[in-house]
Amino acid sequence: MGNLLTSLLNSGNALQAFNRALSITENNVENSQTPGYARQTATFEALPFDPAINLPGGVQAGPAQSSRSALAEQAVQQQQSALGFSQQRSTDLNSVQSLFDLSSQTGVSATIDGLFSSFSALSINPNDTTARQTVISSAQQLAQAFQTSAGGLATQGAAVTSEMQGTISSINQLAGRIAQLNTQRQSENGQGGDAGTDASMYADLEQLSQYGSFTALQQPDGSISVYLDGQTPLVMGNQSFALQGDFSAPQARVLDSQGNDITSTVSSGELGAEIETKNSSLPSYLASLNTLAQSLADQVNSVLSQGVDQNGAAPTNSLFTYQAGSNAAQTISVNPLMTPDQIAAALPSAPGGNGNALNLAALANSPVVNGSTFTQSYALVAGQVGQDVATANENETTGQQLVTQAQSIRSQVSGVSLDQEAANLLQYQRSYQAVSEMITVINQMTGTLLNIIPSA
């Protein structure tokens with residue numbers, strides 16, 4: 001009779017173990033599409049068997065084992081950071097590229113050609129009022145083109161500033177959520193953990209990796225510490241440390257929770273891309289544009305100052321004006337006091353002639369901007385923008401492929417295979433049914449034995 005009771009006890013434990021295995025399998029199937037979820041595997045533990053001391057043996061359910069791979073997760077996060085950087089660069093720089101369109105009839109390149117074409121036309125008819133007015137009109141169109149490009153860069157800079165503010169806010173929100181999840185993980189530590197909490201944690205970590213590169217360290221209490229670019233703490237235990245943005249100066253800064261400048265350490269993810277665009281690329285484009293605008297204005301004004309106007313007098317007004325020491329491209333304009341008769345088309349030695357108009361037209365082919373002509377100088381800026389855009393677009397395409405590859409590898413390691421889960425489900429169901437049959441047999445045998453035993 002004792003053996004029957006032992007068998008019944010063992011069978012009951014086995015039923016509980018297979019029921020637990022069935023629950024884990026069903027949970028895997030239900031969460032096969034849940035972001036961050038890693039396949040759980042049922043385990044079974046053998047119970048000690050020693051009849052001499054009443055240890056009946058058998059089996060019981062062990063803790064569920066997670067298939068999550070730290071290396072696979074890290075690979076996905078690293079590729080997500082690289083992709084976030086490339087995508088953000090591509091988005092921001094594509095908005096800039098239209099400002100440097102060499103084919104635009106109203107852009108800087110076309111209006112530079114228009115200005116020097118007007119000087120050439122003036123050299124043919126130096127005393128023609130229409131030709132003189134055309135010079136002023138062409139100069140106004142060129143100034144407007146410079147202002148439009150410089151203004152567009154300023155607008156894009158403001159847009160990137162807004163993006164940085166949003167990115168920093170998103171990082172802080174995710175850090176706060178991770179700290180809350182750490183509290184749950186700490187309470188679950190030593191109890192096998194909860195698959196739902198674990199999935200939420202790694203989904204948040206993957207999302208965080210899009211904004212910046214980080215190092216995530218598992219702590220003995222089950223919590224995960226997060227350090228931005230491996231240096232700046234974002235999360236430690238149940239505490240999060242908020243980043244700040246300082247946009248009071250042209251160069252944007254990212255500050256840690258203590259106010260320390262960590263801008264130079266942020267080099268990946270969307271935040272890294274925004275920093276590079278805001279602090280490096282846009283200022284570089286604008287500096288080149290300013291150099292070109294200032295050089296062109298100075299050279300044209302200088303040549304004009306060496307001639308005489310339609311009345312044979314030395315010119316009293318410059319053609320171009322701009323704010324010295326400021327943004328020349330955004331402030332360049334045509335002197336409102338300039339009138340057609342004041343255009344100095346002639347040289348002092350030949351009033352009424354076209355000598356100075358020829359000198360003005362010759363500026364078009366003069367290497368006066370760091371060894372380049374005005375058109376070549378602008379083409380270099382536009383070419384740099386185009387190259388930066390092309391690089392960002394190529395990196396985005398490559399980055400997307402690498403992310404897909406890393407996610408595929410992770411899925412192979414820790415993803416849920418519905419085919420495998422179906423096989424497990426069938427296996428556990430049959431095992432459960434077999435144990436149930438065993439209990440039925442034991443129950444029948446017990447009844448038989450009770451019937452054999454004579455009543456008192």
# chains A, B, ... in the order shown; residues from 1 in each chain; ligands from 1

$ residues_around --residues "Leu181 (chain A)" --least-positions-apart "6" --cutoff "8 Å" --atoms "only C-alpha atoms" --output "ChimeraX atom specification"
/A:197,200-201,238

$ residues_around --residues "Val416 (chain A)" --least-positions-apart "5" --cutoff "10 Å" --atoms "only C-alpha atoms" --output "PyMOL selection string"
chain A and resi 25+28-33+37-40+67+411+421

$ closest_atom_pairs --of "region 365-442 of chain A" --to "region 293-302 of chain A" --cutoff "12 Å" --atoms "only C-alpha atoms" --output "tab-separated table"
residue	atom	partner	partner_atom	distance
A:Ser366	CA	A:Gln299	CA	10.2
A:Pro367	CA	A:Ser295	CA	11.0
A:Val368	CA	A:Ser295	CA	7.6
A:Val369	CA	A:Ser295	CA	6.6
A:Asn370	CA	A:Ser295	CA	9.7
A:Gly371	CA	A:Ser295	CA	11.9
A:Ser372	CA	A:Ser295	CA	11.2
A:Thr373	CA	A:Leu296	CA	9.7
A:Phe374	CA	A:Leu296	CA	7.1
A:Thr375	CA	A:Leu296	CA	10.3
A:Ser377	CA	A:Ala293	CA	10.4
A:Tyr378	CA	A:Ala293	CA	9.7

$ select_by_dssp --residues "region 157-289 of chain A" --states "helix (DSSP H, G or I)" --output "PyMOL selection string"
chain A and resi 157-188+195-211+263-265+269-289

$ write_last_selection --atoms "C-alpha atoms" --output "PDB file, in the first residue's frame"
ATOM      1  CA  GLY A 157      19.960  74.396 -37.252  1.00  0.00           C
ATOM      2  CA  ALA A 158      16.882  75.370 -35.245  1.00  0.00           C
ATOM      3  CA  ALA A 159      15.138  72.182 -36.377  1.00  0.00           C
ATOM      4  CA  VAL A 160      18.077  70.065 -35.222  1.00  0.00           C
ATOM      5  CA  THR A 161      18.042  71.882 -31.879  1.00  0.00           C
ATOM      6  CA  SER A 162      14.391  70.913 -31.478  1.00  0.00           C
ATOM      7  CA  GLU A 163      15.256  67.338 -32.447  1.00  0.00           C
ATOM      8  CA  MET A 164      18.000  67.237 -29.808  1.00  0.00           C
ATOM      9  CA  GLN A 165      15.583  68.433 -27.152  1.00  0.00           C
ATOM     10  CA  GLY A 166      13.164  65.674 -28.133  1.00  0.00           C
ATOM     11  CA  THR A 167      15.895  63.037 -28.195  1.00  0.00           C
ATOM     12  CA  ILE A 168      17.188  64.008 -24.754  1.00  0.00           C
ATOM     13  CA  SER A 169      13.611  63.891 -23.420  1.00  0.00           C
ATOM     14  CA  SER A 170      13.112  60.405 -24.927  1.00  0.00           C
ATOM     15  CA  ILE A 171      16.373  59.161 -23.396  1.00  0.00           C
ATOM     16  CA  ASN A 172      15.330  60.455 -19.973  1.00  0.00           C
ATOM     17  CA  GLN A 173      11.879  58.850 -20.253  1.00  0.00           C
ATOM     18  CA  LEU A 174      13.379  55.486 -21.183  1.00  0.00           C
ATOM     19  CA  ALA A 175      15.923  55.748 -18.376  1.00  0.00           C
ATOM     20  CA  GLY A 176      13.067  56.366 -15.941  1.00  0.00           C
ATOM     21  CA  ARG A 177      11.160  53.321 -17.219  1.00  0.00           C
ATOM     22  CA  ILE A 178      14.261  51.135 -16.970  1.00  0.00           C
ATOM     23  CA  ALA A 179      14.765  52.260 -13.361  1.00  0.00           C
ATOM     24  CA  GLN A 180      11.154  51.246 -12.590  1.00  0.00           C
ATOM     25  CA  LEU A 181      11.697  47.866 -14.234  1.00  0.00           C
ATOM     26  CA  ASN A 182      14.836  47.451 -12.130  1.00  0.00           C
ATOM     27  CA  THR A 183      12.689  47.741  -9.027  1.00  0.00           C
ATOM     28  CA  GLN A 184      10.563  44.845 -10.280  1.00  0.00           C
ATOM     29  CA  ARG A 185      13.619  42.793 -11.236  1.00  0.00           C
ATOM     30  CA  GLN A 186      15.139  43.317  -7.810  1.00  0.00           C
ATOM     31  CA  SER A 187      11.964  41.982  -6.169  1.00  0.00           C
ATOM     32  CA  GLU A 188      11.963  38.985  -8.536  1.00  0.00           C
ATOM     33  CA  ALA A 195       9.422  36.909 -18.575  1.00  0.00           C
ATOM     34  CA  GLY A 196       7.149  39.925 -19.059  1.00  0.00           C
ATOM     35  CA  THR A 197       9.382  42.227 -17.022  1.00  0.00           C
ATOM     36  CA  ASP A 198      12.409  40.873 -18.835  1.00  0.00           C
ATOM     37  CA  ALA A 199      10.800  41.499 -22.231  1.00  0.00           C
ATOM     38  CA  SER A 200       9.887  45.079 -21.289  1.00  0.00           C
ATOM     39  CA  MET A 201      13.417  45.725 -20.084  1.00  0.00           C
ATOM     40  CA  TYR A 202      15.099  44.574 -23.284  1.00  0.00           C
ATOM     41  CA  ALA A 203      12.519  46.262 -25.500  1.00  0.00           C
ATOM     42  CA  ASP A 204      13.318  49.546 -23.729  1.00  0.00           C
ATOM     43  CA  LEU A 205      17.059  48.929 -24.007  1.00  0.00           C
ATOM     44  CA  GLU A 206      16.762  48.322 -27.738  1.00  0.00           C
ATOM     45  CA  GLN A 207      14.719  51.487 -28.155  1.00  0.00           C
ATOM     46  CA  LEU A 208      17.276  53.416 -26.096  1.00  0.00           C
ATOM     47  CA  SER A 209      20.066  52.186 -28.379  1.00  0.00           C
ATOM     48  CA  GLN A 210      18.492  54.076 -31.285  1.00  0.00           C
ATOM     49  CA  TYR A 211      19.157  57.351 -29.462  1.00  0.00           C
ATOM     50  CA  THR A 263      29.016  66.417 -25.601  1.00  0.00           C
ATOM     51  CA  SER A 264      32.329  65.063 -26.871  1.00  0.00           C
ATOM     52  CA  THR A 265      31.588  61.571 -25.541  1.00  0.00           C
ATOM     53  CA  GLY A 269      22.728  57.065 -32.175  1.00  0.00           C
ATOM     54  CA  GLU A 270      20.345  59.846 -33.118  1.00  0.00           C
ATOM     55  CA  LEU A 271      21.779  62.154 -30.458  1.00  0.00           C
ATOM     56  CA  GLY A 272      25.313  61.708 -31.812  1.00  0.00           C
ATOM     57  CA  ALA A 273      24.101  62.512 -35.336  1.00  0.00           C
ATOM     58  CA  GLU A 274      22.272  65.617 -34.172  1.00  0.00           C
ATOM     59  CA  ILE A 275      25.364  66.847 -32.349  1.00  0.00           C
ATOM     60  CA  GLU A 276      27.541  66.351 -35.425  1.00  0.00           C
ATOM     61  CA  THR A 277      25.053  68.080 -37.712  1.00  0.00           C
ATOM     62  CA  LYS A 278      24.365  70.967 -35.324  1.00  0.00           C
ATOM     63  CA  ASN A 279      27.927  71.610 -34.130  1.00  0.00           C
ATOM     64  CA  SER A 280      30.012  70.585 -37.133  1.00  0.00           C
ATOM     65  CA  SER A 281      28.319  70.119 -40.501  1.00  0.00           C
ATOM     66  CA  LEU A 282      25.953  73.111 -40.553  1.00  0.00           C
ATOM     67  CA  PRO A 283      28.561  75.578 -39.201  1.00  0.00           C
ATOM     68  CA  SER A 284      31.055  74.286 -41.782  1.00  0.00           C
ATOM     69  CA  TYR A 285      28.632  74.807 -44.665  1.00  0.00           C
ATOM     70  CA  LEU A 286      27.713  78.262 -43.387  1.00  0.00           C
ATOM     71  CA  ALA A 287      31.366  79.270 -42.905  1.00  0.00           C
ATOM     72  CA  SER A 288      32.138  78.346 -46.514  1.00  0.00           C
ATOM     73  CA  LEU A 289      29.083  80.255 -47.705  1.00  0.00           C
TER      74      LEU A 289
END

$ atom_distance --atom1 "CA of Gln78 (chain A)" --atom2 "CA of Arg410 (chain A)"
12.9 Å

$ residues_around --residues "region 130-142 of chain A" --least-positions-apart "3" --cutoff "9 Å" --atoms "only C-alpha atoms" --output "JSON, numbers by chain"
{"A": [106, 107, 108, 109, 110, 111, 112, 114, 115, 116, 117, 118, 119, 121, 122, 125, 126, 127, 145, 146, 147, 319, 320, 333, 334, 338, 339, 340, 341, 342, 343, 345]}

$ select_by_dssp --residues "region 137-240 of chain A" --states "strand (DSSP E or B)" --output "MDAnalysis selection string"
chainID A and resid 214:218 224:228 232:236 239:240

$ write_last_selection --atoms "C-alpha atoms" --output "compact mmCIF listing (two decimals), in the first residue's frame"
# COMPACT_ATOMS: atom_id res chain seq x y z
CA PHE A 214 25.36 52.58 -24.10
CA THR A 215 26.78 49.86 -21.90
CA ALA A 216 24.31 47.75 -19.92
CA LEU A 217 25.68 45.83 -16.92
CA GLN A 218 23.70 43.13 -15.08
CA ILE A 224 20.69 46.56 -14.98
CA SER A 225 22.95 49.61 -14.84
CA VAL A 226 23.09 51.71 -18.00
CA TYR A 227 25.97 54.03 -18.98
CA LEU A 228 25.72 56.32 -22.01
CA THR A 232 27.83 58.63 -18.20
CA PRO A 233 25.42 56.88 -15.81
CA LEU A 234 21.82 56.91 -16.97
CA VAL A 235 20.39 54.21 -14.68
CA MET A 236 21.75 52.65 -11.51
CA GLN A 239 17.51 55.60 -9.88
CA SER A 240 17.72 57.36 -13.25

$ atom_distance --atom1 "CA of Gln401 (chain A)" --atom2 "CA of Ser66 (chain A)"
27.0 Å

$ decode --residues "region 229-368 of chain A" --atoms "C-alpha atoms" --output "compact mmCIF listing (two decimals), in the first residue's frame"
# COMPACT_ATOMS: atom_id res chain seq x y z
CA ASP A 229 28.72 55.63 -24.28
CA GLY A 230 30.11 53.52 -21.45
CA GLN A 231 30.83 56.56 -19.25
CA THR A 232 27.83 58.63 -18.20
CA PRO A 233 25.42 56.88 -15.81
CA LEU A 234 21.82 56.91 -16.97
CA VAL A 235 20.39 54.21 -14.68
CA MET A 236 21.75 52.65 -11.51
CA GLY A 237 19.37 50.40 -9.61
CA ASN A 238 16.03 52.15 -9.21
CA GLN A 239 17.51 55.60 -9.88
CA SER A 240 17.72 57.36 -13.25
CA PHE A 241 19.97 60.31 -14.02
CA ALA A 242 18.50 62.83 -16.46
CA LEU A 243 20.52 64.40 -19.25
CA GLN A 244 20.19 68.10 -20.02
CA GLY A 245 20.63 70.17 -23.16
CA ASP A 246 22.29 73.59 -23.26
CA PHE A 247 21.36 75.55 -26.38
CA SER A 248 22.29 79.03 -25.16
CA ALA A 249 25.31 79.21 -27.51
CA PRO A 250 25.71 78.35 -31.20
CA GLN A 251 27.44 75.11 -30.18
CA ALA A 252 24.87 72.87 -28.51
CA ARG A 253 25.96 70.99 -25.40
CA VAL A 254 24.75 67.83 -23.68
CA LEU A 255 25.13 67.83 -19.91
CA ASP A 256 24.90 64.98 -17.43
CA SER A 257 22.73 65.10 -14.31
CA GLN A 258 25.51 67.01 -12.50
CA GLY A 259 25.82 69.63 -15.23
CA ASN A 260 29.08 68.28 -16.65
CA ASP A 261 29.62 68.72 -20.39
CA ILE A 262 29.57 65.26 -22.01
CA THR A 263 29.02 66.42 -25.60
CA SER A 264 32.33 65.06 -26.87
CA THR A 265 31.59 61.57 -25.54
CA VAL A 266 28.28 61.19 -27.43
CA SER A 267 29.20 59.83 -30.83
CA SER A 268 26.48 57.41 -31.87
CA GLY A 269 22.73 57.07 -32.18
CA GLU A 270 20.35 59.85 -33.12
CA LEU A 271 21.78 62.15 -30.46
CA GLY A 272 25.31 61.71 -31.81
CA ALA A 273 24.10 62.51 -35.34
CA GLU A 274 22.27 65.62 -34.17
CA ILE A 275 25.36 66.85 -32.35
CA GLU A 276 27.54 66.35 -35.42
CA THR A 277 25.05 68.08 -37.71
CA LYS A 278 24.37 70.97 -35.32
CA ASN A 279 27.93 71.61 -34.13
CA SER A 280 30.01 70.58 -37.13
CA SER A 281 28.32 70.12 -40.50
CA LEU A 282 25.95 73.11 -40.55
CA PRO A 283 28.56 75.58 -39.20
CA SER A 284 31.06 74.29 -41.78
CA TYR A 285 28.63 74.81 -44.66
CA LEU A 286 27.71 78.26 -43.39
CA ALA A 287 31.37 79.27 -42.91
CA SER A 288 32.14 78.35 -46.51
CA LEU A 289 29.08 80.26 -47.71
CA ASN A 290 30.10 83.29 -45.63
CA THR A 291 33.62 83.20 -47.04
CA LEU A 292 32.26 83.11 -50.57
CA ALA A 293 29.74 85.90 -50.00
CA GLN A 294 32.27 88.15 -48.31
CA SER A 295 34.96 87.49 -50.90
CA LEU A 296 32.62 88.15 -53.80
CA ALA A 297 31.28 91.36 -52.26
CA ASP A 298 34.76 92.61 -51.41
CA GLN A 299 36.24 91.80 -54.82
CA VAL A 300 33.39 93.39 -56.79
CA ASN A 301 33.36 96.46 -54.54
CA SER A 302 37.14 96.79 -54.86
CA VAL A 303 37.09 96.70 -58.66
CA LEU A 304 34.21 99.16 -58.79
CA SER A 305 36.09 101.55 -56.52
CA GLN A 306 38.90 101.71 -59.06
CA GLY A 307 36.66 103.04 -61.87
CA VAL A 308 34.49 106.03 -62.59
CA ASP A 309 30.72 106.26 -62.98
CA GLN A 310 28.67 107.40 -65.95
CA ASN A 311 29.38 111.01 -65.00
CA GLY A 312 33.15 110.45 -64.88
CA ALA A 313 33.22 110.74 -61.08
CA ALA A 314 34.69 108.31 -58.58
CA PRO A 315 31.93 106.10 -57.10
CA THR A 316 30.64 107.12 -53.69
CA ASN A 317 28.70 103.94 -52.95
CA SER A 318 29.66 100.27 -52.93
CA LEU A 319 27.45 97.80 -54.80
CA PHE A 320 27.32 95.24 -51.98
CA THR A 321 27.03 95.71 -48.23
CA TYR A 322 27.11 93.18 -45.39
CA GLN A 323 27.63 93.16 -41.65
CA ALA A 324 31.35 92.79 -41.02
CA GLY A 325 32.30 90.08 -38.54
CA SER A 326 28.84 88.59 -38.76
CA ASN A 327 26.99 86.26 -41.06
CA ALA A 328 28.02 87.73 -44.42
CA ALA A 329 25.86 85.35 -46.45
CA GLN A 330 22.72 86.17 -44.48
CA THR A 331 23.31 89.94 -44.35
CA ILE A 332 24.68 90.60 -47.84
CA SER A 333 22.53 93.03 -49.84
CA VAL A 334 22.73 95.65 -52.56
CA ASN A 335 23.39 99.16 -51.31
CA PRO A 336 20.02 100.93 -51.52
CA LEU A 337 21.81 104.18 -52.44
CA MET A 338 23.28 102.64 -55.58
CA THR A 339 21.73 103.99 -58.81
CA PRO A 340 22.39 102.80 -62.39
CA ASP A 341 24.48 105.84 -63.29
CA GLN A 342 26.81 105.17 -60.34
CA ILE A 343 28.02 101.83 -61.73
CA ALA A 344 31.71 102.46 -62.44
CA ALA A 345 31.99 100.81 -65.86
CA ALA A 346 34.87 102.99 -67.06
CA LEU A 347 38.44 103.54 -65.93
CA PRO A 348 39.62 107.00 -64.81
CA SER A 349 41.90 107.12 -67.83
CA ALA A 350 38.99 106.56 -70.24
CA PRO A 351 35.71 108.04 -68.93
CA GLY A 352 32.67 106.72 -70.74
CA GLY A 353 34.54 103.58 -71.75
CA ASN A 354 34.20 99.94 -70.71
CA GLY A 355 37.59 99.25 -69.12
CA ASN A 356 36.31 98.65 -65.63
CA ALA A 357 33.33 96.62 -66.84
CA LEU A 358 35.83 94.28 -68.50
CA ASN A 359 37.75 94.02 -65.23
CA LEU A 360 34.50 93.17 -63.43
CA ALA A 361 33.64 90.47 -65.98
CA ALA A 362 37.17 89.05 -65.66
CA LEU A 363 36.58 88.40 -61.95
CA ALA A 364 34.42 85.43 -62.96
CA ASN A 365 37.52 83.44 -63.88
CA SER A 366 39.85 84.76 -61.20
CA PRO A 367 40.97 82.30 -58.45
CA VAL A 368 40.29 84.75 -55.64
